[in-house]
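query.cif, holding mmCIF, C-alpha atoms:
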data_input
#
loop_
_atom_site.label_atom_id
_atom_site.label_comp_id
_atom_site.auth_asym_id
_atom_site.auth_seq_id
_atom_site.Cartn_x
_atom_site.Cartn_y
_atom_site.Cartn_z
CA MET A 298 8.81 116.60 -74.93
CA ILE A 299 5.15 116.81 -75.44
CA LEU A 300 3.09 113.78 -74.14
CA SER A 301 -0.21 112.98 -75.46
CA ALA A 302 -3.19 112.57 -73.22
CA ALA A 303 -3.28 108.84 -73.85
CA SER A 304 0.28 108.47 -72.69
CA LEU A 305 -0.44 110.37 -69.52
CA ILE A 306 -3.37 108.15 -68.74
CA ALA A 307 -1.24 104.98 -69.28
CA ILE A 308 1.53 106.27 -67.01
CA ALA A 309 -0.96 107.18 -64.28
CA SER A 310 -2.50 103.80 -64.44
CA ALA A 311 0.85 102.03 -64.11
CA ALA A 312 1.88 104.14 -61.16
CA ALA A 313 -1.35 103.67 -59.17
CA PRO A 314 -1.21 100.88 -56.54
CA VAL A 315 -2.83 97.63 -57.37
CA SER A 316 -6.05 97.20 -55.31
CA ALA A 317 -6.01 94.20 -52.90
CA SER A 318 -8.36 91.30 -53.55
CA PRO A 319 -11.36 90.99 -51.19
CA PRO A 320 -10.52 89.12 -47.90
CA SER A 321 -11.32 85.39 -47.77
CA ALA A 322 -13.78 83.83 -45.18
CA PRO A 323 -12.28 82.67 -41.84
CA PRO A 324 -11.61 78.87 -41.43
CA PRO A 325 -14.43 76.82 -39.82
CA TYR A 326 -14.34 76.16 -36.06
CA ILE A 327 -13.60 72.52 -35.11
CA ALA A 328 -14.79 71.49 -31.61
CA PRO A 329 -12.72 69.13 -29.44
CA LEU A 330 -13.41 65.43 -29.91
CA SER A 331 -14.91 65.06 -26.42
CA VAL A 332 -17.56 67.68 -27.17
CA ILE A 333 -18.37 66.03 -30.52
CA ALA A 334 -18.82 62.63 -28.87
CA ALA A 335 -21.09 64.05 -26.17
CA GLU A 336 -23.26 65.85 -28.75
CA ALA A 337 -23.51 62.66 -30.82
CA LEU A 338 -24.68 60.62 -27.82
CA LEU A 339 -27.23 63.29 -26.89
CA ALA A 340 -28.59 63.32 -30.44
CA GLN A 341 -28.93 59.53 -30.38
CA ASP A 342 -30.86 59.59 -27.11
CA GLU A 343 -33.27 62.22 -28.48
CA ASP A 344 -34.00 61.04 -32.00
CA GLY A 345 -32.00 57.90 -32.61
CA ALA A 346 -35.15 55.86 -33.14
CA ALA A 347 -36.58 58.37 -35.62
CA SER A 348 -33.40 58.49 -37.68
CA GLY A 349 -33.18 54.68 -37.73
CA SER A 350 -29.78 54.56 -36.10
CA ASP A 351 -29.04 51.82 -33.55
CA PRO A 352 -28.80 52.96 -29.90
CA VAL A 353 -25.49 52.60 -28.17
CA PRO A 354 -25.73 49.41 -26.03
CA GLU A 355 -25.62 49.93 -22.28
CA PRO A 356 -22.98 47.99 -20.31
CA GLU A 357 -24.28 44.67 -18.93
CA PRO A 358 -24.72 44.55 -15.13
CA GLU A 359 -22.36 42.42 -13.11
CA PRO A 360 -23.82 38.95 -12.38
CA GLU A 361 -25.17 38.61 -8.85
CA ALA A 362 -23.36 36.27 -6.51
CA PRO A 363 -25.37 33.14 -5.58
CA PRO A 364 -27.16 33.45 -2.22
CA ALA A 365 -25.28 32.02 0.71
CA PRO A 366 -26.69 28.71 1.95
CA ASP A 367 -28.92 28.92 5.00
CA LYS A 368 -26.99 28.22 8.15
CA PRO A 369 -28.56 26.35 11.05
CA PRO A 370 -29.37 28.43 14.12
CA ARG A 371 -26.78 28.40 16.89
CA ILE A 372 -27.12 28.26 20.66
CA ALA A 373 -24.04 28.86 22.82
CA GLY A 374 -21.85 28.31 19.76
CA MET A 375 -23.52 24.97 18.84
CA ASP A 376 -25.40 24.23 15.60
CA VAL A 377 -29.05 23.35 16.18
CA PHE A 378 -30.65 20.56 14.07
CA ALA A 379 -27.70 20.54 11.67
CA GLY A 380 -27.81 16.74 11.26
CA GLY A 381 -24.91 14.83 9.77
CA LYS A 382 -24.86 11.39 11.38
CA LEU A 383 -24.97 8.31 9.19
CA VAL A 384 -28.54 7.09 8.81
CA LEU A 385 -29.68 4.79 11.66
CA THR A 386 -26.51 5.37 13.72
CA ASN A 387 -28.54 7.42 16.21
CA GLY A 388 -30.59 4.30 16.98
CA VAL A 389 -34.36 4.12 17.31
CA THR A 390 -36.28 4.60 20.58
CA THR A 391 -36.66 2.09 23.38
CA VAL A 392 -39.80 1.51 25.42
CA ASP A 393 -38.10 3.60 28.14
CA GLY A 394 -37.59 6.57 25.79
CA ALA A 395 -33.80 6.36 25.36
CA SER A 396 -32.01 5.80 22.05
CA GLY A 397 -31.25 2.18 21.22
CA GLY A 398 -33.34 -0.71 19.98
CA GLY A 399 -36.99 -1.29 20.77
CA LEU A 400 -36.37 -3.13 24.05
CA ALA A 401 -32.65 -2.69 24.82
CA ARG A 402 -30.78 0.50 25.62
CA TRP A 403 -27.69 1.24 23.48
CA ALA A 404 -24.66 3.49 23.96
CA THR A 405 -25.83 5.65 21.05
CA ILE A 406 -26.67 9.33 21.53
CA GLY A 407 -30.04 10.20 20.04
CA GLY A 408 -30.63 12.97 17.50
CA ARG A 409 -28.78 13.46 14.19
CA GLN A 410 -26.33 16.08 15.51
CA MET A 411 -22.58 15.69 15.26
CA SER A 412 -20.00 16.85 17.78
CA GLY A 413 -20.64 20.53 18.47
CA GLY A 414 -24.33 20.31 17.55
CA ILE A 415 -27.74 19.97 19.20
CA GLY A 416 -30.32 17.45 17.99
CA LEU A 417 -33.85 16.45 18.84
CA SER A 418 -36.09 13.44 18.28
CA ALA A 419 -39.65 12.46 19.11
CA HIS A 420 -41.33 9.06 19.02
CA GLY A 421 -44.58 7.21 19.37
CA THR A 422 -44.82 3.46 20.06
CA ALA A 423 -47.65 0.94 20.18
CA ILE A 424 -47.51 -2.71 21.30
CA GLU A 425 -50.51 -4.99 20.81
CA LEU A 426 -50.41 -8.13 22.94
CA LYS A 427 -52.83 -10.99 23.48
CA ASP A 428 -54.37 -9.44 26.60
CA TYR A 429 -52.73 -6.03 27.03
CA GLY A 430 -52.00 -2.86 25.10
CA TRP A 431 -49.01 -0.52 25.40
CA ARG A 432 -48.78 3.09 24.20
CA SER A 433 -45.81 5.37 24.75
CA TYR A 434 -44.52 8.65 23.41
CA GLY A 435 -41.70 11.01 24.26
CA VAL A 436 -38.95 13.41 23.27
CA LEU A 437 -35.17 13.28 23.37
CA LEU A 438 -32.45 15.94 23.28
CA GLY A 439 -28.91 15.20 22.08
CA ILE A 440 -26.08 17.57 22.95
CA GLY A 441 -23.05 17.04 20.76
CA ASP A 442 -22.35 13.36 20.35
CA ARG A 443 -21.87 13.22 24.10
CA ILE A 444 -25.02 13.79 26.20
CA GLU A 445 -28.59 12.55 25.84
CA LEU A 446 -31.63 13.69 27.84
CA SER A 447 -35.00 11.99 27.39
CA TYR A 448 -38.57 11.84 28.63
CA ALA A 449 -41.21 9.20 27.89
CA ARG A 450 -44.77 8.54 29.05
CA ALA A 451 -46.12 4.97 28.94
CA ASP A 452 -49.75 3.86 29.27
CA PHE A 453 -50.41 0.15 29.86
CA ASP A 454 -54.01 -0.93 29.27
CA THR A 455 -55.09 -4.05 31.20
CA ARG A 456 -58.32 -4.46 29.18
CA ASP A 457 -60.29 -7.52 30.35
CA VAL A 458 -57.45 -8.61 32.63
CA GLY A 459 -58.16 -5.58 34.82
CA ALA A 460 -61.47 -7.08 35.87
CA LEU A 461 -59.87 -10.49 36.53
CA LEU A 462 -57.22 -8.85 38.75
CA GLY A 463 -59.89 -6.89 40.62
CA ILE A 464 -58.57 -3.46 39.59
CA GLY A 465 -61.29 -2.63 37.09
CA GLN A 466 -62.10 -3.31 33.47
CA GLY A 467 -59.59 -1.56 31.19
CA TYR A 468 -57.57 -0.09 34.03
CA THR A 469 -54.51 1.71 32.63
CA PHE A 470 -51.17 1.96 34.44
CA ASN A 471 -49.16 5.14 33.75
CA LEU A 472 -45.39 5.58 33.99
CA ASP A 473 -43.12 8.62 33.50
CA THR A 474 -39.45 8.01 32.68
CA PHE A 475 -36.74 10.70 32.80
CA GLY A 476 -33.44 9.57 31.29
CA ALA A 477 -29.87 10.81 30.94
CA LYS A 478 -26.91 9.24 29.15
CA LEU A 479 -23.24 10.18 28.84
CA ARG A 480 -20.82 8.78 26.25
CA VAL A 481 -17.55 8.21 28.07
CA ALA A 482 -15.36 6.39 25.50
CA GLY A 483 -15.11 4.99 21.99
CA ASP A 484 -17.12 5.62 18.86
CA LEU A 485 -20.00 3.65 17.37
CA VAL A 486 -18.60 3.67 13.83
CA TYR A 487 -15.05 5.05 13.79
CA GLY A 488 -11.91 4.55 15.81
CA ASP A 489 -10.41 1.28 16.96
CA THR A 490 -12.45 -1.78 16.01
CA TRP A 491 -11.88 -3.36 19.39
CA LEU A 492 -13.18 -0.31 21.30
CA PRO A 493 -16.98 0.08 21.23
CA GLN A 494 -18.87 3.23 22.09
CA ILE A 495 -19.42 3.14 25.86
CA ALA A 496 -22.05 5.13 27.75
CA VAL A 497 -23.33 5.32 31.31
CA GLY A 498 -26.84 6.42 32.15
CA ILE A 499 -29.71 6.69 34.57
CA GLU A 500 -33.48 6.42 34.21
CA HIS A 501 -35.66 7.84 36.96
CA LYS A 502 -39.17 6.41 36.82
CA ARG A 503 -42.38 7.42 38.54
CA SER A 504 -45.56 5.37 38.61
CA ARG A 505 -48.75 7.44 38.61
CA ASP A 506 -50.54 4.64 40.43
CA GLY A 507 -48.74 4.78 43.76
CA ALA A 508 -51.54 3.49 45.98
CA LEU A 509 -52.31 0.60 43.65
CA VAL A 510 -48.72 -0.61 43.12
CA ARG A 511 -48.15 -0.57 46.86
CA ALA A 512 -51.31 -2.62 47.31
CA LEU A 513 -49.87 -5.12 44.82
CA GLY A 514 -46.77 -5.47 47.03
CA ALA A 515 -44.32 -2.89 45.64
CA ALA A 516 -42.13 -1.03 48.11
CA ASP A 517 -42.26 2.27 46.29
CA SER A 518 -43.89 4.07 43.37
CA ALA A 519 -40.61 5.63 42.14
CA GLY A 520 -37.15 4.30 41.45
CA THR A 521 -33.98 4.82 39.43
CA ASP A 522 -32.19 2.45 37.04
CA TYR A 523 -28.44 2.66 36.41
CA THR A 524 -27.04 1.47 33.07
CA LEU A 525 -23.71 0.73 31.38
CA SER A 526 -23.85 0.14 27.62
CA ALA A 527 -21.33 -0.85 24.94
CA THR A 528 -22.30 -0.69 21.26
CA LYS A 529 -20.31 -1.14 18.04
CA LEU A 530 -21.23 -1.08 14.35
CA PHE A 531 -18.82 -3.17 12.26
CA LEU A 532 -19.33 -1.54 8.87
CA ALA A 533 -17.22 -4.08 6.98
CA ARG A 534 -19.59 -6.83 8.13
CA SER A 535 -22.76 -4.69 8.35
CA LEU A 536 -23.16 -5.95 11.91
CA LEU A 537 -24.23 -4.09 15.06
CA VAL A 538 -23.55 -5.58 18.50
CA ASN A 539 -24.80 -4.17 21.80
CA ALA A 540 -24.63 -5.21 25.45
CA THR A 541 -26.12 -3.32 28.41
CA LEU A 542 -26.00 -3.95 32.13
CA ARG A 543 -28.91 -2.48 34.10
CA TYR A 544 -29.02 -2.20 37.88
CA THR A 545 -32.73 -1.97 38.69
CA GLU A 546 -35.53 -2.79 41.09
CA ALA A 547 -38.32 -1.96 38.64
CA ASN A 548 -41.31 -4.31 38.41
CA GLU A 549 -42.39 -4.61 34.75
CA LEU A 550 -40.17 -1.61 33.88
CA GLY A 551 -41.77 0.29 36.79
CA LEU A 552 -45.41 -0.07 35.74
CA LEU A 553 -46.00 -2.16 38.90
CA GLY A 554 -43.75 -0.07 41.13
CA PHE A 555 -40.27 -0.73 42.49
CA GLY A 556 -38.89 -3.39 44.83
CA SER A 557 -41.21 -5.26 47.13
CA ALA A 558 -42.50 -4.95 50.64
CA SER A 559 -40.84 -8.30 51.41
CA GLY A 560 -37.42 -6.79 50.92
CA GLU A 561 -36.63 -7.69 47.30
CA SER A 562 -34.67 -4.82 45.80
CA TYR A 563 -31.99 -3.98 43.19
CA LYS A 564 -30.72 -6.68 40.85
CA LEU A 565 -28.28 -6.64 37.92
CA GLN A 566 -30.00 -7.35 34.58
CA PHE A 567 -28.75 -7.83 31.00
CA GLU A 568 -29.91 -6.40 27.67
CA GLY A 569 -28.46 -7.51 24.34
CA SER A 570 -28.98 -6.67 20.66
CA LEU A 571 -27.74 -7.98 17.33
CA GLY A 572 -28.50 -6.15 14.12
CA TYR A 573 -27.63 -6.74 10.45
CA GLN A 574 -27.74 -3.96 7.87
CA LEU A 575 -29.47 -5.03 4.68
CA SER A 576 -28.72 -1.62 3.20
CA ARG A 577 -27.82 1.86 4.34
CA ARG A 578 -31.46 2.42 5.31
CA ALA A 579 -32.65 -1.01 6.46
CA VAL A 580 -31.63 -3.21 9.39
CA ILE A 581 -33.02 -6.41 10.90
CA GLY A 582 -32.14 -7.98 14.21
CA ALA A 583 -33.12 -9.48 17.54
CA GLU A 584 -33.07 -8.36 21.18
CA TYR A 585 -33.23 -9.83 24.65
CA ARG A 586 -33.95 -8.09 27.95
CA SER A 587 -34.00 -9.73 31.38
CA LYS A 588 -36.18 -8.37 34.21
CA PRO A 589 -36.44 -8.97 37.97
CA ASP A 590 -39.50 -10.67 39.47
CA ASN A 591 -39.62 -8.85 42.79
CA LEU A 592 -43.35 -9.40 43.29
CA GLY A 593 -43.29 -13.14 42.61
CA LEU A 594 -45.81 -12.85 39.77
CA GLY A 595 -43.80 -15.07 37.43
CA ASP A 596 -42.75 -12.20 35.14
CA ASP A 597 -40.63 -13.40 32.20
CA ASP A 598 -37.78 -11.86 30.25
CA TRP A 599 -38.58 -10.02 27.02
CA MET A 600 -37.48 -10.81 23.45
CA ASP A 601 -38.14 -9.45 19.98
CA VAL A 602 -37.25 -9.80 16.30
CA PHE A 603 -37.27 -6.41 14.60
CA ALA A 604 -36.87 -4.57 11.32
CA ALA A 605 -36.11 -0.84 11.09
CA PHE A 606 -36.28 1.27 7.94
CA ALA A 607 -35.21 4.90 7.48
CA VAL A 608 -37.93 6.29 5.21
CA THR A 609 -36.00 9.58 5.04
CA ASP A 610 -32.94 10.90 6.86
CA HIS A 611 -35.33 12.13 9.56
CA LEU A 612 -38.12 9.52 9.74
CA THR A 613 -37.52 5.93 10.89
CA LEU A 614 -40.15 3.20 11.25
CA THR A 615 -39.59 0.09 13.37
CA ALA A 616 -41.73 -3.05 13.38
CA ALA A 617 -41.18 -6.13 15.54
CA TYR A 618 -42.63 -9.38 16.75
CA VAL A 619 -42.38 -9.38 20.55
CA ASP A 620 -42.58 -12.15 23.12
CA LEU A 621 -43.04 -10.65 26.58
CA GLY A 622 -43.90 -13.95 28.29
CA SER A 623 -46.01 -13.75 31.43
CA ILE A 624 -47.16 -10.35 32.70
CA ALA A 625 -48.96 -10.12 36.08
CA THR A 626 -49.72 -13.89 36.09
CA ILE A 627 -51.19 -13.81 32.54
CA PRO A 628 -48.95 -15.97 30.25
CA ASP A 629 -48.18 -15.98 26.52
CA GLN A 630 -48.11 -12.24 25.93
CA ARG A 631 -46.94 -12.10 22.33
CA GLY A 632 -47.81 -9.65 19.61
CA GLY A 633 -46.76 -6.81 17.37
CA TYR A 634 -44.66 -3.72 17.97
CA LEU A 635 -44.71 -0.56 15.83
CA SER A 636 -42.77 2.66 16.45
CA ALA A 637 -42.17 5.87 14.52
CA GLN A 638 -39.30 8.26 15.24
CA VAL A 639 -38.62 11.72 13.83
CA ALA A 640 -35.07 13.00 14.42
CA PHE A 641 -33.12 16.16 13.57
#
In structure tokens, what does this structure look like?
Amino acid sequence: MILSAASLIAIASAAAPVSASPPSAPPPYIAPLSVIAAEALLAQDEDGAASGSDPVPEPEPEPEAPPAPDKPPRIAGMDVFAGGKLVLTNGVTTVDGASGGGLARWATIGGRQMSGGIGLSAHGTAIELKDYGWRSYGVLLGIGDRIELSYARADFDTRDVGALLGIGQGYTFNLDTFGAKLRVAGDLVYGDTWLPQIAVGIEHKRSRDGALVRALGAADSAGTDYTLSATKLFLARSLLVNATLRYTEANELGLLGFGSASGESYKLQFEGSLGYQLSRRAVIGAEYRSKPDNLGLGDDDWMDVFAAFAVTDHLTLTAAYVDLGSIATIPDQRGGYLSAQVAF
């Protein structure tokens, strides 16, 4: 059979293999999500502002804890100047430098410290009488609500009376008093109503005018008083009651020496106080204090009517009208009393 050229070409074309289509492009690479997130954050840090996109907010810092309150310093495991007593329950300062009223010693422990604390107070006192002037100042340390240690310096100005007595115009007597007190039972405010706070104490006194007081008839220029005090604050009635027994030979508290050359010596004396609380910060009251007359100068007992006001928890002012009777043969010694006490 004879094939034409066209047929041969058609057969050859059908037998030839079909050429493959050109290969397609490989699929795109997809990075892990963690890489994508990191690149996105980096791009935001570099040009987020330029592109107008909002920056990713940073996590807010943890709120700071409030500062711890300041703690009082401590000595031998005791808080110093921590305070805490009810206002006025530490008393004011007596003319002898101990805690109490203006004239009478109380069983209170000075300073504002509680049990397990240490407190401190300082005072200044002025008394203006008809013919004399009194100035005193001192410091007091309270240890717990148990022990009190005190020191006071008193200056007694004789003014014109000094010339009349032949000791010199304006002669001033000086007296140092070192005191200690120990609370032995009871509590001023709390505990059984029938049991007051009870304290025992001593006051050692030294006249700085030894030669003169001996010339006036005193046996000695130094002496020691012994005291027993009972004090109670009846909160329900706003009433404070105090009684103190003092065993002493002091002449005018010791300003004129102690005892007498004639043999007069120690005698038991009484001090009493009544106070009424007008408010938590204000109290009014009256006091009485008996004294020996070892020198035969006609010295009288002392009395006052007082008002005390706690200006702050630490500052107390006391004002009083005092009647000190006859002092060194000069009668009618009445006048005003003013004292300021700072306590911690």
Any chance you could work out the residue set of the PyMOL selection byres ((chain A and resi 461-467) around 12) here, as a short mmCIF file (atom, residue, chain, number, x, y, z; two decimals) with C-alpha atoms, keeping the file's coordinate frame?
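And here's out38.cif as it stands now:
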data_model
loop_
_atom_site.label_atom_id
_atom_site.label_comp_id
_atom_site.auth_asym_id
_atom_site.auth_seq_id
_atom_site.Cartn_x
_atom_site.Cartn_y
_atom_site.Cartn_z
CA ASP A 428 -54.37 -9.44 26.60
CA TYR A 429 -52.73 -6.03 27.03
CA GLY A 430 -52.00 -2.86 25.10
CA ASP A 452 -49.75 3.86 29.27
CA PHE A 453 -50.41 0.15 29.86
CA ASP A 454 -54.01 -0.93 29.27
CA THR A 455 -55.09 -4.05 31.20
CA ARG A 456 -58.32 -4.46 29.18
CA ASP A 457 -60.29 -7.52 30.35
CA VAL A 458 -57.45 -8.61 32.63
CA GLY A 459 -58.16 -5.58 34.82
CA ALA A 460 -61.47 -7.08 35.87
CA TYR A 468 -57.57 -0.09 34.03
CA THR A 469 -54.51 1.71 32.63
CA PHE A 470 -51.17 1.96 34.44
CA ASP A 506 -50.54 4.64 40.43
CA ALA A 508 -51.54 3.49 45.98
CA LEU A 509 -52.31 0.60 43.65
CA VAL A 510 -48.72 -0.61 43.12
CA ALA A 512 -51.31 -2.62 47.31
CA LEU A 513 -49.87 -5.12 44.82
CA ILE A 624 -47.16 -10.35 32.70
CA ALA A 625 -48.96 -10.12 36.08
CA THR A 626 -49.72 -13.89 36.09
CA ILE A 627 -51.19 -13.81 32.54
#
>> Using the chain letters and numbers from this file, what does the PyMOL selection byres ((chain A and resi 431) around 12) select? Give the answer as a VMD selection string.
In response: chain A and resid 392 to 393 421 to 430 432 to 434 450 to 456 469 to 472 552 621 630 632 to 636
> Neighbours of region 405-411 of chain A within 8 Å (all atoms listed in the file; same-chain residues fewer than 3 positions away dropped), as number ranges by chain?
Replying inline: A: 377-382, 386-389, 395-397, 414-418, 437-445, 478, 480, 485, 494, 496, 528, 640-641
What would the file look like if the residues just selected were written as a tab-separated table (two decimals), keeping the file's coordinate frame with C-alpha atoms?
chain	number	residue	atom	x	y	z
A	377	VAL	CA	-29.05	23.35	16.18
A	378	PHE	CA	-30.65	20.56	14.07
A	379	ALA	CA	-27.70	20.54	11.67
A	380	GLY	CA	-27.81	16.74	11.26
A	381	GLY	CA	-24.91	14.83	9.77
A	382	LYS	CA	-24.86	11.39	11.38
A	386	THR	CA	-26.51	5.37	13.72
A	387	ASN	CA	-28.54	7.42	16.21
A	388	GLY	CA	-30.59	4.30	16.98
A	389	VAL	CA	-34.36	4.12	17.31
A	395	ALA	CA	-33.80	6.36	25.36
A	396	SER	CA	-32.01	5.80	22.05
A	397	GLY	CA	-31.25	2.18	21.22
A	414	GLY	CA	-24.33	20.31	17.55
A	415	ILE	CA	-27.74	19.97	19.20
A	416	GLY	CA	-30.32	17.45	17.99
A	417	LEU	CA	-33.85	16.45	18.84
A	418	SER	CA	-36.09	13.44	18.28
A	437	LEU	CA	-35.17	13.28	23.37
A	438	LEU	CA	-32.45	15.94	23.28
A	439	GLY	CA	-28.91	15.20	22.08
A	440	ILE	CA	-26.08	17.57	22.95
A	441	GLY	CA	-23.05	17.04	20.76
A	442	ASP	CA	-22.35	13.36	20.35
A	443	ARG	CA	-21.87	13.22	24.10
A	444	ILE	CA	-25.02	13.79	26.20
A	445	GLU	CA	-28.59	12.55	25.84
A	478	LYS	CA	-26.91	9.24	29.15
A	480	ARG	CA	-20.82	8.78	26.25
A	485	LEU	CA	-20.00	3.65	17.37
A	494	GLN	CA	-18.87	3.23	22.09
A	496	ALA	CA	-22.05	5.13	27.75
A	528	THR	CA	-22.30	-0.69	21.26
A	640	ALA	CA	-35.07	13.00	14.42
A	641	PHE	CA	-33.12	16.16	13.57
> Any chance you could work out the residue set of the PyMOL selection byres ((chain A and resi 565-567) around 12) here, as JSON, numbers by chain?
Replying inline: {"A": [400, 401, 402, 403, 522, 523, 524, 525, 526, 527, 539, 540, 541, 542, 543, 544, 545, 546, 547, 550, 562, 563, 564, 568, 569, 570, 584, 585, 586, 587, 588, 589, 590, 598, 599, 600]}
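Counting from CA of Ala477 (chain A), the distance to CA of His611 (chain A) is 22.1 Å.
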>> Report, in Å to a single decimal, how far apart CA of Val481 (chain A) and CA of Arg534 (chain A) are.
In response: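 That distance, rounded to one decimal, is 25.1 Å.
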>> Neighbouring residues of Gly582 (chain A) were defined as those with any atom within 9 Å, considering only C-alpha atoms; residues of the same chain fewer than 5 positions away were excluded. Please report them as a list in words.
In response: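 Within the cut-off, the hits are Leu537, Ser570, Leu571, Gly572, Tyr573, Gln574, Asp601, Val602, Phe603, Ala604 and Ala605 of chain A.
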> So how far away is CA of Ala519 (chain A) from CA of Ala449 (chain A), in Å?
Replying inline: 14.7 Å
> Which of these, A:Ala533, A:Leu492, A:Ala482, A:Leu553, has the shortest distance to Gly507 (chain A) once you count all atoms listed in the file?
Replying inline: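 So, comparing all the options, the nearest one is A:Leu553.
Each of A:Asp484, A:Asp473, A:Asp629, A:Asp489 was checked against Asp596 (chain A) using all atoms listed in the file; the smallest atom-to-atom distance is that of A:Asp629.
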> Could you pull the residues within 10 Å of Glu561 (chain A), counting all atoms listed in the file, minus those fewer than 4 positions along the same chain, as a PyMOL selection string?
Replying inline: chain A and resi 515-516+546+555-557+589-593
